file target-v2.cif (mmCIF, C-alpha atoms)
data_my_file
#
loop_
_atom_site.group_PDB
_atom_site.id
_atom_site.type_symbol
_atom_site.label_atom_id
_atom_site.label_comp_id
_atom_site.auth_asym_id
_atom_site.auth_seq_id
_atom_site.Cartn_x
_atom_site.Cartn_y
_atom_site.Cartn_z
ATOM 1 C CA MET E 422 -17.364 59.866 -71.354
ATOM 2 C CA GLU E 423 -18.269 56.231 -70.639
ATOM 3 C CA SER E 424 -18.251 53.504 -73.255
ATOM 4 C CA LYS E 425 -20.403 50.390 -73.335
ATOM 5 C CA PHE E 426 -17.411 48.410 -72.092
ATOM 6 C CA GLY E 427 -16.974 50.940 -69.292
ATOM 7 C CA GLU E 428 -20.578 50.355 -68.253
ATOM 8 C CA ILE E 429 -20.058 46.595 -68.216
ATOM 9 C CA ILE E 430 -16.968 46.707 -66.000
ATOM 10 C CA ALA E 431 -18.799 49.083 -63.650
ATOM 11 C CA ARG E 432 -21.697 46.592 -63.352
ATOM 12 C CA ARG E 433 -19.498 43.560 -62.782
ATOM 13 C CA ARG E 434 -19.587 42.220 -59.233
ATOM 14 C CA THR E 435 -18.658 39.148 -57.250
ATOM 15 C CA TYR E 436 -21.829 37.060 -57.123
ATOM 16 C CA TYR E 437 -22.248 34.027 -54.873
ATOM 17 C CA SER E 438 -26.038 33.705 -55.193
ATOM 18 C CA ILE E 439 -26.203 32.019 -58.579
ATOM 19 C CA LYS E 440 -28.504 29.333 -59.926
ATOM 20 C CA ASN E 441 -28.326 26.587 -62.503
ATOM 21 C CA GLU E 442 -29.594 28.677 -65.409
ATOM 22 C CA SER E 443 -28.003 30.359 -68.415
ATOM 23 C CA PRO E 444 -29.387 32.860 -70.930
ATOM 24 C CA LEU E 445 -26.873 31.418 -73.411
ATOM 25 C CA THR E 446 -26.937 28.058 -75.132
ATOM 26 C CA ASP E 447 -24.005 25.811 -74.294
ATOM 27 C CA GLN E 448 -22.629 26.441 -77.779
ATOM 28 C CA ASP E 449 -22.845 30.216 -77.299
ATOM 29 C CA LEU E 450 -21.133 29.821 -73.956
ATOM 30 C CA GLU E 451 -18.329 27.825 -75.551
ATOM 31 C CA ASP E 452 -17.981 30.455 -78.267
ATOM 32 C CA LEU E 453 -17.795 33.226 -75.663
ATOM 33 C CA LEU E 454 -14.973 31.557 -73.763
ATOM 34 C CA LYS E 455 -13.109 30.638 -76.952
ATOM 35 C CA HIS E 456 -13.337 34.249 -78.126
ATOM 36 C CA ALA E 457 -11.883 35.520 -74.850
ATOM 37 C CA LEU E 458 -9.150 32.879 -74.963
ATOM 38 C CA LYS E 459 -8.213 33.726 -78.548
ATOM 39 C CA TYR E 460 -8.092 37.497 -78.257
ATOM 40 C CA THR E 461 -6.927 38.230 -74.697
ATOM 41 C CA PRO E 462 -3.235 39.162 -75.020
ATOM 42 C CA THR E 463 -0.272 37.196 -73.708
ATOM 43 C CA ALA E 464 3.326 38.379 -73.380
ATOM 44 C CA HIS E 465 5.239 37.850 -76.627
ATOM 45 C CA ASN E 466 2.094 36.186 -78.001
ATOM 46 C CA THR E 467 2.976 32.974 -76.157
ATOM 47 C CA GLN E 468 -0.723 31.969 -76.076
ATOM 48 C CA LEU E 469 -0.091 29.958 -72.912
ATOM 49 C CA THR E 470 -3.527 30.452 -71.327
ATOM 50 C CA ARG E 471 -6.023 27.584 -71.210
ATOM 51 C CA ILE E 472 -9.667 27.181 -70.158
ATOM 52 C CA VAL E 473 -11.534 24.035 -69.148
ATOM 53 C CA LEU E 474 -15.296 24.599 -69.193
ATOM 54 C CA LEU E 475 -17.223 22.409 -66.761
ATOM 55 C CA LEU E 476 -20.954 21.973 -67.235
ATOM 56 C CA ARG E 477 -23.624 19.871 -65.553
ATOM 57 C CA GLY E 478 -22.138 16.734 -63.957
ATOM 58 C CA ALA E 479 -18.536 17.868 -64.414
ATOM 59 C CA HIS E 480 -19.319 21.214 -62.774
ATOM 60 C CA ALA E 481 -20.964 19.550 -59.751
ATOM 61 C CA THR E 482 -18.183 16.981 -59.479
ATOM 62 C CA PHE E 483 -15.514 19.671 -59.376
ATOM 63 C CA TRP E 484 -17.071 21.372 -56.373
ATOM 64 C CA ASP E 485 -17.509 18.005 -54.662
ATOM 65 C CA LEU E 486 -13.776 17.484 -55.176
ATOM 66 C CA VAL E 487 -13.071 20.889 -53.634
ATOM 67 C CA MET E 488 -15.192 20.071 -50.598
ATOM 68 C CA ASP E 489 -13.475 16.699 -50.197
ATOM 69 C CA ALA E 490 -10.092 18.427 -50.330
ATOM 70 C CA ILE E 491 -11.144 20.994 -47.711
ATOM 71 C CA ARG E 492 -12.362 18.251 -45.357
ATOM 72 C CA GLU E 493 -9.131 16.326 -45.819
ATOM 73 C CA ALA E 494 -7.051 19.420 -45.074
ATOM 74 C CA ASN E 495 -9.075 20.222 -41.928
ATOM 75 C CA PRO E 496 -9.755 16.904 -40.150
ATOM 76 C CA GLY E 497 -12.150 17.095 -37.214
ATOM 77 C CA GLN E 498 -13.136 20.712 -37.851
ATOM 78 C CA ASP E 499 -16.657 22.057 -38.317
ATOM 79 C CA MET E 500 -17.224 22.317 -42.066
ATOM 80 C CA GLU E 501 -20.647 24.011 -42.043
ATOM 81 C CA ALA E 502 -19.430 27.398 -43.305
ATOM 82 C CA SER E 503 -17.299 25.812 -46.020
ATOM 83 C CA GLU E 504 -20.111 23.483 -47.077
ATOM 84 C CA MET E 505 -22.489 26.439 -47.391
ATOM 85 C CA LYS E 506 -20.026 28.404 -49.504
ATOM 86 C CA ILE E 507 -19.137 25.495 -51.785
ATOM 87 C CA SER E 508 -22.822 24.625 -52.247
ATOM 88 C CA GLN E 509 -23.401 28.142 -53.614
ATOM 89 C CA PHE E 510 -20.778 27.550 -56.304
ATOM 90 C CA ARG E 511 -22.133 24.059 -57.001
ATOM 91 C CA ASP E 512 -25.639 25.499 -57.484
ATOM 92 C CA GLY E 513 -24.450 27.524 -60.477
ATOM 93 C CA TYR E 514 -24.647 26.636 -64.149
ATOM 94 C CA GLY E 515 -20.985 25.969 -64.798
ATOM 95 C CA THR E 516 -17.386 26.668 -63.884
ATOM 96 C CA ALA E 517 -14.466 27.916 -65.963
ATOM 97 C CA LEU E 518 -11.109 26.563 -64.834
ATOM 98 C CA PHE E 519 -8.226 28.823 -65.829
ATOM 99 C CA TYR E 520 -4.850 27.231 -66.530
ATOM 100 C CA ASN E 521 -1.429 28.222 -67.828
ATOM 101 C CA ASP E 522 0.540 25.789 -69.973
ATOM 102 C CA THR E 523 3.921 25.740 -68.242
ATOM 103 C CA ARG E 524 5.548 24.312 -71.370
ATOM 104 C CA LYS E 525 5.052 27.656 -73.062
ATOM 105 C CA THR E 526 6.754 29.491 -70.208
ATOM 106 C CA LYS E 527 9.723 27.111 -70.309
ATOM 107 C CA GLU E 528 9.993 27.488 -74.087
ATOM 108 C CA SER E 529 9.891 31.275 -73.795
ATOM 109 C CA ILE E 530 12.667 31.250 -71.191
ATOM 110 C CA GLU E 531 14.825 29.109 -73.496
ATOM 111 C CA GLU E 532 14.151 31.407 -76.455
ATOM 112 C CA MET E 533 14.586 34.678 -74.530
ATOM 113 C CA PRO E 534 16.823 33.987 -71.510
ATOM 114 C CA LEU E 535 17.276 37.715 -70.949
ATOM 115 C CA TYR E 536 13.712 37.758 -69.554
ATOM 116 C CA LYS E 537 13.878 34.450 -67.665
ATOM 117 C CA ASP E 538 12.993 36.116 -64.369
ATOM 118 C CA GLU E 539 9.902 37.757 -65.838
ATOM 119 C CA PHE E 540 8.063 35.096 -67.814
ATOM 120 C CA GLU E 541 6.306 33.443 -64.878
ATOM 121 C CA SER E 542 5.023 36.816 -63.733
ATOM 122 C CA TRP E 543 3.924 37.667 -67.278
ATOM 123 C CA ALA E 544 2.128 34.325 -67.483
ATOM 124 C CA HIS E 545 0.055 35.240 -64.432
ATOM 125 C CA HIS E 546 -0.637 38.680 -65.888
ATOM 126 C CA ALA E 547 -1.984 37.028 -69.041
ATOM 127 C CA ASN E 548 -4.208 34.687 -67.070
ATOM 128 C CA ALA E 549 -5.541 37.543 -64.964
ATOM 129 C CA MET E 550 -6.479 39.447 -68.112
ATOM 130 C CA LEU E 551 -8.245 36.351 -69.432
ATOM 131 C CA GLN E 552 -10.182 35.970 -66.181
ATOM 132 C CA PHE E 553 -11.212 39.618 -66.344
ATOM 133 C CA SER E 554 -12.269 39.272 -69.990
ATOM 134 C CA VAL E 555 -14.432 36.215 -69.293
ATOM 135 C CA TRP E 556 -15.926 37.757 -66.152
ATOM 136 C CA ASN E 557 -17.053 40.855 -68.028
ATOM 137 C CA MET E 558 -18.327 38.891 -71.022
ATOM 138 C CA LEU E 559 -20.435 36.759 -68.676
ATOM 139 C CA GLU E 560 -21.739 39.958 -67.083
ATOM 140 C CA GLU E 561 -22.674 41.323 -70.487
ATOM 141 C CA ALA E 562 -24.462 38.033 -71.276
ATOM 142 C CA GLY E 563 -26.610 38.314 -68.142
ATOM 143 C CA MET E 564 -24.747 36.052 -65.744
ATOM 144 C CA GLY E 565 -22.958 36.575 -62.475
ATOM 145 C CA ALA E 566 -19.691 34.980 -61.417
ATOM 146 C CA SER E 567 -17.011 34.984 -58.757
ATOM 147 C CA LEU E 568 -13.315 34.238 -58.863
ATOM 148 C CA GLN E 569 -12.061 31.458 -56.602
ATOM 149 C CA HIS E 570 -8.637 30.030 -55.774
ATOM 150 C CA TYR E 571 -8.891 26.527 -54.360
ATOM 151 C CA ASN E 572 -5.589 25.601 -55.896
ATOM 152 C CA PRO E 573 -3.387 23.846 -54.985
ATOM 153 C CA ILE E 574 -5.573 21.619 -52.784
ATOM 154 C CA VAL E 575 -7.828 20.578 -55.675
ATOM 155 C CA ASP E 576 -5.283 20.536 -58.505
ATOM 156 C CA GLU E 577 -4.378 16.851 -58.522
ATOM 157 C CA ARG E 578 -7.964 15.694 -57.959
ATOM 158 C CA ALA E 579 -9.177 17.798 -60.888
ATOM 159 C CA ARG E 580 -6.270 16.639 -63.060
ATOM 160 C CA LYS E 581 -7.173 12.989 -62.524
ATOM 161 C CA GLN E 582 -10.953 13.484 -62.735
ATOM 162 C CA PHE E 583 -10.924 15.478 -65.979
ATOM 163 C CA ASP E 584 -7.743 14.122 -67.577
ATOM 164 C CA ILE E 585 -5.967 17.489 -67.516
ATOM 165 C CA ASP E 586 -2.521 17.805 -69.063
ATOM 166 C CA PRO E 587 0.036 17.587 -66.213
ATOM 167 C CA GLU E 588 1.912 20.573 -67.679
ATOM 168 C CA TRP E 589 -1.136 22.798 -67.182
ATOM 169 C CA GLU E 590 -1.034 24.812 -63.953
ATOM 170 C CA LEU E 591 -4.395 25.632 -62.355
ATOM 171 C CA ILE E 592 -4.596 29.367 -61.648
ATOM 172 C CA ALA E 593 -8.226 30.115 -60.743
ATOM 173 C CA GLN E 594 -11.806 28.896 -60.872
ATOM 174 C CA MET E 595 -14.876 30.896 -61.905
ATOM 175 C CA PRO E 596 -18.322 29.480 -61.039
ATOM 176 C CA PHE E 597 -21.131 31.269 -62.877
ATOM 177 C CA GLY E 598 -24.881 31.266 -63.385
ATOM 178 C CA VAL E 599 -27.942 33.481 -63.354
ATOM 179 C CA VAL E 600 -27.965 35.743 -60.294
ATOM 180 C CA TYR E 601 -30.937 35.418 -57.925
ATOM 181 C CA ALA E 602 -29.839 37.799 -55.165
ATOM 182 C CA ASP E 603 -27.985 41.090 -55.312
ATOM 183 C CA THR E 604 -24.553 41.560 -53.842
ATOM 184 C CA TRP E 605 -23.181 44.276 -51.620
ATOM 185 C CA GLU E 606 -22.371 47.710 -52.967
ATOM 186 C CA ARG E 607 -18.714 48.329 -53.519
ATOM 187 C CA GLU E 608 -17.003 51.218 -51.778
ATOM 188 C CA PHE E 609 -14.238 53.104 -53.510
ATOM 189 C CA ASP E 610 -11.341 55.144 -52.198
ATOM 190 C CA PRO E 611 -11.188 58.638 -53.701
ATOM 191 C CA ILE E 612 -9.995 58.129 -57.256
ATOM 192 C CA ASP E 613 -7.752 61.204 -57.117
ATOM 193 C CA THR E 614 -5.618 59.466 -54.487
ATOM 194 C CA ARG E 615 -5.046 56.591 -56.927
ATOM 195 C CA PHE E 616 -4.534 58.399 -60.225
ATOM 196 C CA MET E 617 -1.972 60.906 -61.455
ATOM 197 C CA VAL E 618 -1.377 62.802 -64.691
ATOM 198 C CA LYS E 619 1.991 64.269 -65.615
ATOM 199 C CA ASP E 620 2.812 66.279 -68.708
#
call {"tool": "encode", "arguments": {"input": "target-v2.cif", "output": "structure tokens"}}
result
Amino acid sequence: MESKFGEIIARRRTYYSIKNESPLTDQDLEDLLKHALKYTPTAHNTQLTRIVLLLRGAHATFWDLVMDAIREANPGQDMEASEMKISQFRDGYGTALFYNDTRKTKESIEEMPLYKDEFESWAHHANAMLQFSVWNMLEEAGMGASLQHYNPIVDERARKQFDIDPEWELIAQMPFGVVYADTWEREFDPIDTRFMVKD
């Protein structure tokens, strides 16, 4: 028995072929991301996850910063493949930057030292759930996205460009937009080799 949410997560894909269009208004898009941020769980309700939504010029600038960082890290190398990939992200409608507020993790460790070795891991779990929530909500809204990890090479550039709190740690980037070309079909290992029931 498949629910509507089950159908959405089955449809979700990694899309690189996206264009600068959105079926949502910017306000609706903001509301979507705020909803995901508010209701996606965090360990001990620390609410440490953060999102920076980049639209228009800020979105394009971010991917220019990424490309600059890649060139700097690979002097003298052919950048054609990287330029092509980054241009696909830049051609989208916007980008969600996912952060964790490290202050919250430090506070949690001070309050609950028994779990000091777990809180950083839990923080990443929370951010991953937020990424998954946003990805599926964008899918439901008629947009495609992909999940990228150009941190740490772009962290400081983005922090300075967008005046990001220095205590916020960049975890992932999600460029999104209306899809103009399909992606490959996913292949799955037999589910019975990955799932068990015991009673």
call {"tool": "residues_around", "arguments": {"input": "target-v2.cif", "residues": "range 585-592 of chain E", "least_positions_apart": "5", "cutoff": "9 Å", "atoms": "all atoms listed in the file", "output": "MDAnalysis selection string"}}
result
chainID E and resid 471 473 518:524 545 548:549 570:573 576:577 579:580
call {"tool": "closest_atom_pairs", "arguments": {"input": "target-v2.cif", "of": "range 515-578 of chain E", "to": "range 480-490 of chain E", "cutoff": "6 Å", "atoms": "all atoms listed in the file", "output": "tab-separated table"}}
result
residue	atom	partner	partner_atom	distance
E:Gly515	CA	E:His480	CA	5.4
E:Thr516	CA	E:His480	CA	5.9
E:Val575	CA	E:Val487	CA	5.6
call {"tool": "closest_residue", "arguments": {"input": "target-v2.cif", "among": "E:Glu606, E:Ser554, E:Ile429, E:Tyr536", "to": "Lys459 in chain E", "atoms": "all atoms listed in the file"}}
result
E:Ser554
call {"tool": "resolve_selection", "arguments": {"input": "target-v2.cif", "expression": "the PyMOL selection byres ((chain E and resi 467) around 12)", "output": "MDAnalysis selection string"}}
result
chainID E and resid 459 461:466 468:471 521:530 532:533 540:541 543:544 547:548
call {"tool": "atom_distance", "arguments": {"input": "target-v2.cif", "atom1": "CA of Ala566 in chain E", "atom2": "CA of Tyr436 in chain E"}}
result
5.2 Å
call {"tool": "resolve_selection", "arguments": {"input": "target-v2.cif", "expression": "the PyMOL selection byres ((chain E and resi 441-449) around 9)", "output": "list in words"}}
result
Ile439, Lys440, Leu450, Glu451, Asp452, Leu453, Leu454, Leu476, Arg477, Arg511, Asp512, Gly513, Tyr514, Gly515, Ala562, Gly563, Met564, Phe597, Gly598, Val599 and Val600 of chain E
call {"tool": "closest_residue", "arguments": {"input": "target-v2.cif", "among": "E:Ala494, E:Ser503, E:Phe583, E:Gln594", "to": "Val555 in chain E", "atoms": "all atoms listed in the file"}}
result
E:Gln594
call {"tool": "closest_residue", "arguments": {"input": "target-v2.cif", "among": "E:Met558, E:Arg578, E:His456, E:Phe553", "to": "Ile491 in chain E", "atoms": "all atoms listed in the file"}}
result
E:Arg578
call {"tool": "residues_around", "arguments": {"input": "target-v2.cif", "residues": "Arg434 in chain E", "least_positions_apart": "3", "cutoff": "8 Å", "atoms": "all atoms listed in the file", "output": "PyMOL selection string"}}
result
chain E and resi 565-567+604
call {"tool": "atom_distance", "arguments": {"input": "target-v2.cif", "atom1": "CA of Ser438 in chain E", "atom2": "CA of Glu423 in chain E"}}
result
28.4 Å
call {"tool": "decode", "arguments": {"input": "target-v2.cif", "residues": "range 509-525 of chain E", "atoms": "N, CA and C atoms", "output": "mmCIF file, in the first residue's frame"}}
result
data_model
loop_
_atom_site.group_PDB
_atom_site.id
_atom_site.type_symbol
_atom_site.label_atom_id
_atom_site.label_comp_id
_atom_site.auth_asym_id
_atom_site.auth_seq_id
_atom_site.Cartn_x
_atom_site.Cartn_y
_atom_site.Cartn_z
ATOM 1 N N GLN E 509 25.540 23.909 -15.257
ATOM 2 C CA GLN E 509 24.211 23.297 -15.121
ATOM 3 C C GLN E 509 23.544 23.752 -13.829
ATOM 4 N N PHE E 510 24.304 23.781 -12.745
ATOM 5 C CA PHE E 510 23.743 24.234 -11.465
ATOM 6 C C PHE E 510 23.392 25.720 -11.545
ATOM 7 N N ARG E 511 24.272 26.493 -12.150
ATOM 8 C CA ARG E 511 24.075 27.942 -12.267
ATOM 9 C C ARG E 511 22.841 28.274 -13.103
ATOM 10 N N ASP E 512 22.501 27.397 -14.045
ATOM 11 C CA ASP E 512 21.351 27.626 -14.928
ATOM 12 C C ASP E 512 20.017 27.413 -14.233
ATOM 13 N N GLY E 513 20.034 26.909 -12.997
ATOM 14 C CA GLY E 513 18.804 26.650 -12.276
ATOM 15 C C GLY E 513 18.156 27.919 -11.744
ATOM 16 N N TYR E 514 17.088 27.723 -10.992
ATOM 17 C CA TYR E 514 16.333 28.863 -10.455
ATOM 18 C C TYR E 514 16.911 29.373 -9.142
ATOM 19 N N GLY E 515 17.422 28.458 -8.335
ATOM 20 C CA GLY E 515 17.946 28.870 -7.039
ATOM 21 C C GLY E 515 18.767 27.762 -6.415
ATOM 22 N N THR E 516 19.314 28.055 -5.257
ATOM 23 C CA THR E 516 20.106 27.080 -4.507
ATOM 24 C C THR E 516 19.781 27.219 -3.028
ATOM 25 N N ALA E 517 19.579 26.086 -2.372
ATOM 26 C CA ALA E 517 19.440 26.067 -0.911
ATOM 27 C C ALA E 517 20.774 25.629 -0.325
ATOM 28 N N LEU E 518 21.329 26.460 0.543
ATOM 29 C CA LEU E 518 22.539 26.098 1.275
ATOM 30 C C LEU E 518 22.111 25.583 2.644
ATOM 31 N N PHE E 519 22.588 24.401 2.992
ATOM 32 C CA PHE E 519 22.228 23.779 4.264
ATOM 33 C C PHE E 519 23.381 23.924 5.252
ATOM 34 N N TYR E 520 23.067 24.466 6.417
ATOM 35 C CA TYR E 520 24.063 24.703 7.458
ATOM 36 C C TYR E 520 23.624 24.059 8.764
ATOM 37 N N ASN E 521 24.604 23.824 9.641
ATOM 38 C CA ASN E 521 24.345 23.516 11.047
ATOM 39 C C ASN E 521 24.968 24.615 11.891
ATOM 40 N N ASP E 522 24.239 25.062 12.902
ATOM 41 C CA ASP E 522 24.768 26.056 13.835
ATOM 42 C C ASP E 522 25.580 25.315 14.894
ATOM 43 N N THR E 523 26.900 25.448 14.821
ATOM 44 C CA THR E 523 27.760 24.683 15.729
ATOM 45 C C THR E 523 27.625 25.124 17.176
ATOM 46 N N ARG E 524 27.097 26.323 17.393
ATOM 47 C CA ARG E 524 26.837 26.763 18.777
ATOM 48 C C ARG E 524 25.899 25.798 19.478
ATOM 49 N N LYS E 525 24.863 25.390 18.741
ATOM 50 C CA LYS E 525 23.859 24.499 19.324
ATOM 51 C C LYS E 525 24.477 23.170 19.727
#
